[in-house]
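Below: one structure, written as structure tokens.
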Amino acid sequence: MTEADDPEHTDHPDSSQYIVIGIILAVFTAIEVAISFSAVPTEVAIPSLIVLTVLKFLLVILWFMHLRFDSGWYRRLFAFGLAVALAIYAATISLMLYAGSNRPA
């Protein structure tokens, strides 16, 4: 039985979709590098980089890890991990900004 005959794999993306996703990931990475090396204000750069990172994370787990086709438990597990990571990033950035604003002159 080939993959095309298997009803479980009929919705899986074909090679062209993987190429498109790869190009999108490369473009997102180029934008991230451009933001990090340019004079973009921190108030714009940090949220932009976080949004791009989350989008790349979602693209990778949904397409390359086939999470769209797996059990809902796996989606919840990855969503929880993403929420924890974002909370840690937010706490770290907040602490760094707070510590920077309370330095003696």
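Residues in the structure tokens are numbered from 1 in each chain, the chains being A, B, ... in the order shown, and ligands are numbered from 1 in the order shown.
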
Find the residues around region 11-20 of chain A up to 12 Å (only C-alpha atoms counted), leave out those fewer than 6 positions away in its own chain, and share them as a ChimeraX atom specification.
/A:3-5,26-27,59-60,62-70

Selection from above, N, CA, C and O atoms, as a PDB file, in the first residue's frame, can you write it?
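What landed in out.pdb:
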ATOM      1  N   GLU A   3       1.519   5.504   0.151  1.00  0.00           N
ATOM      2  CA  GLU A   3       1.032   6.571   1.013  1.00  0.00           C
ATOM      3  C   GLU A   3      -0.236   7.207   0.443  1.00  0.00           C
ATOM      4  O   GLU A   3      -1.121   7.636   1.169  1.00  0.00           O
ATOM      5  N   ALA A   4      -0.352   7.251  -0.874  1.00  0.00           N
ATOM      6  CA  ALA A   4      -1.536   7.839  -1.512  1.00  0.00           C
ATOM      7  C   ALA A   4      -2.778   6.980  -1.279  1.00  0.00           C
ATOM      8  O   ALA A   4      -3.892   7.491  -1.245  1.00  0.00           O
ATOM      9  N   ASP A   5      -2.597   5.667  -1.112  1.00  0.00           N
ATOM     10  CA  ASP A   5      -3.730   4.769  -0.879  1.00  0.00           C
ATOM     11  C   ASP A   5      -4.159   4.724   0.574  1.00  0.00           C
ATOM     12  O   ASP A   5      -5.231   4.239   0.891  1.00  0.00           O
ATOM     13  N   ALA A  26      12.629  30.927   6.017  1.00  0.00           N
ATOM     14  CA  ALA A  26      13.864  31.643   5.669  1.00  0.00           C
ATOM     15  C   ALA A  26      13.632  33.148   5.650  1.00  0.00           C
ATOM     16  O   ALA A  26      14.477  33.928   6.124  1.00  0.00           O
ATOM     17  N   VAL A  27      12.488  33.581   5.115  1.00  0.00           N
ATOM     18  CA  VAL A  27      12.167  35.013   5.084  1.00  0.00           C
ATOM     19  C   VAL A  27      12.005  35.543   6.504  1.00  0.00           C
ATOM     20  O   VAL A  27      12.524  36.618   6.846  1.00  0.00           O
ATOM     21  N   LEU A  59       4.729  27.210  12.617  1.00  0.00           N
ATOM     22  CA  LEU A  59       4.912  26.610  11.296  1.00  0.00           C
ATOM     23  C   LEU A  59       5.674  25.293  11.371  1.00  0.00           C
ATOM     24  O   LEU A  59       5.319  24.313  10.719  1.00  0.00           O
ATOM     25  N   VAL A  60       6.727  25.279  12.158  1.00  0.00           N
ATOM     26  CA  VAL A  60       7.535  24.058  12.275  1.00  0.00           C
ATOM     27  C   VAL A  60       6.743  22.926  12.916  1.00  0.00           C
ATOM     28  O   VAL A  60       6.717  21.802  12.399  1.00  0.00           O
ATOM     29  N   LEU A  62       3.473  22.572  13.224  1.00  0.00           N
ATOM     30  CA  LEU A  62       2.261  22.187  12.500  1.00  0.00           C
ATOM     31  C   LEU A  62       2.575  21.452  11.201  1.00  0.00           C
ATOM     32  O   LEU A  62       1.887  20.496  10.850  1.00  0.00           O
ATOM     33  N   TRP A  63       3.598  21.881  10.464  1.00  0.00           N
ATOM     34  CA  TRP A  63       3.883  21.243   9.187  1.00  0.00           C
ATOM     35  C   TRP A  63       4.974  20.184   9.282  1.00  0.00           C
ATOM     36  O   TRP A  63       4.755  19.043   8.905  1.00  0.00           O
ATOM     37  N   PHE A  64       6.134  20.552   9.773  1.00  0.00           N
ATOM     38  CA  PHE A  64       7.251  19.607   9.755  1.00  0.00           C
ATOM     39  C   PHE A  64       7.104  18.507  10.811  1.00  0.00           C
ATOM     40  O   PHE A  64       7.588  17.399  10.621  1.00  0.00           O
ATOM     41  N   MET A  65       6.454  18.813  11.923  1.00  0.00           N
ATOM     42  CA  MET A  65       6.232  17.793  12.954  1.00  0.00           C
ATOM     43  C   MET A  65       4.837  17.185  12.844  1.00  0.00           C
ATOM     44  O   MET A  65       4.465  16.346  13.656  1.00  0.00           O
ATOM     45  N   HIS A  66       4.063  17.614  11.850  1.00  0.00           N
ATOM     46  CA  HIS A  66       2.725  17.067  11.558  1.00  0.00           C
ATOM     47  C   HIS A  66       1.782  17.143  12.756  1.00  0.00           C
ATOM     48  O   HIS A  66       0.919  16.293  12.929  1.00  0.00           O
ATOM     49  N   LEU A  67       1.917  18.164  13.566  1.00  0.00           N
ATOM     50  CA  LEU A  67       1.079  18.279  14.759  1.00  0.00           C
ATOM     51  C   LEU A  67      -0.390  18.480  14.400  1.00  0.00           C
ATOM     52  O   LEU A  67      -1.272  18.114  15.167  1.00  0.00           O
ATOM     53  N   ARG A  68      -0.657  19.019  13.211  1.00  0.00           N
ATOM     54  CA  ARG A  68      -2.042  19.217  12.785  1.00  0.00           C
ATOM     55  C   ARG A  68      -2.797  17.894  12.696  1.00  0.00           C
ATOM     56  O   ARG A  68      -4.009  17.861  12.792  1.00  0.00           O
ATOM     57  N   PHE A  69      -2.068  16.818  12.472  1.00  0.00           N
ATOM     58  CA  PHE A  69      -2.698  15.524  12.262  1.00  0.00           C
ATOM     59  C   PHE A  69      -2.664  14.632  13.495  1.00  0.00           C
ATOM     60  O   PHE A  69      -3.193  13.535  13.473  1.00  0.00           O
ATOM     61  N   ASP A  70      -2.032  15.091  14.562  1.00  0.00           N
ATOM     62  CA  ASP A  70      -1.889  14.279  15.769  1.00  0.00           C
ATOM     63  C   ASP A  70      -3.018  14.543  16.752  1.00  0.00           C
ATOM     64  O   ASP A  70      -3.884  15.382  16.544  1.00  0.00           O
TER      65      ASP A  70
END

Env of Glu43 (chain A): 12 Å cut, atoms = only C-alpha atoms, seq-sep filter 5 positions within chain, self excluded. Answer as an mmCIF file with N, CA and C atoms, in the first residue's frame.
data_model
loop_
_atom_site.group_PDB
_atom_site.id
_atom_site.type_symbol
_atom_site.label_atom_id
_atom_site.label_comp_id
_atom_site.auth_asym_id
_atom_site.auth_seq_id
_atom_site.Cartn_x
_atom_site.Cartn_y
_atom_site.Cartn_z
ATOM 1 N N ILE A 35 16.266 42.855 11.839
ATOM 2 C CA ILE A 35 15.824 43.616 13.004
ATOM 3 C C ILE A 35 16.917 43.670 14.062
ATOM 4 N N SER A 48 8.436 42.423 17.986
ATOM 5 C CA SER A 48 8.512 41.902 16.618
ATOM 6 C C SER A 48 9.242 40.562 16.576
ATOM 7 N N LEU A 49 10.352 40.483 17.289
ATOM 8 C CA LEU A 49 11.111 39.232 17.319
ATOM 9 C C LEU A 49 10.322 38.113 17.998
ATOM 10 N N ILE A 50 9.585 38.435 19.045
ATOM 11 C CA ILE A 50 8.780 37.421 19.728
ATOM 12 C C ILE A 50 7.669 36.916 18.809
ATOM 13 N N ILE A 93 12.390 39.850 30.474
ATOM 14 C CA ILE A 93 12.453 41.193 29.896
ATOM 15 C C ILE A 93 12.004 42.230 30.922
ATOM 16 N N LEU A 97 14.315 45.268 32.301
ATOM 17 C CA LEU A 97 13.906 46.668 32.186
ATOM 18 C C LEU A 97 13.799 47.317 33.557
#

Test item: residues at most 12 Å from Gly81 (chain A), only C-alpha atoms, excluding those fewer than 6 positions along its chain, as a PDB file with C-alpha atoms, in the first residue's frame:
ATOM      1  CA  VAL A  54       6.100  32.249  17.694  1.00  0.00           C
ATOM      2  CA  PHE A  57       7.498  27.761  16.067  1.00  0.00           C
ATOM      3  CA  LEU A  58       3.918  27.226  14.904  1.00  0.00           C
ATOM      4  CA  TYR A  74       0.008  16.889  21.713  1.00  0.00           C
ATOM      5  CA  ARG A  75      -1.363  20.269  20.631  1.00  0.00           C
ATOM      6  CA  ALA A  87       5.865  33.813  30.362  1.00  0.00           C
ATOM      7  CA  ILE A  88       9.582  33.260  31.054  1.00  0.00           C
TER       8      ILE A  88
END

So that I can check the secondary structure, give me every residue of chain A assigned alpha helix (DSSP H) by backbone DSSP, as a ChimeraX atom specification.
/A:15-37,42-59,72-101
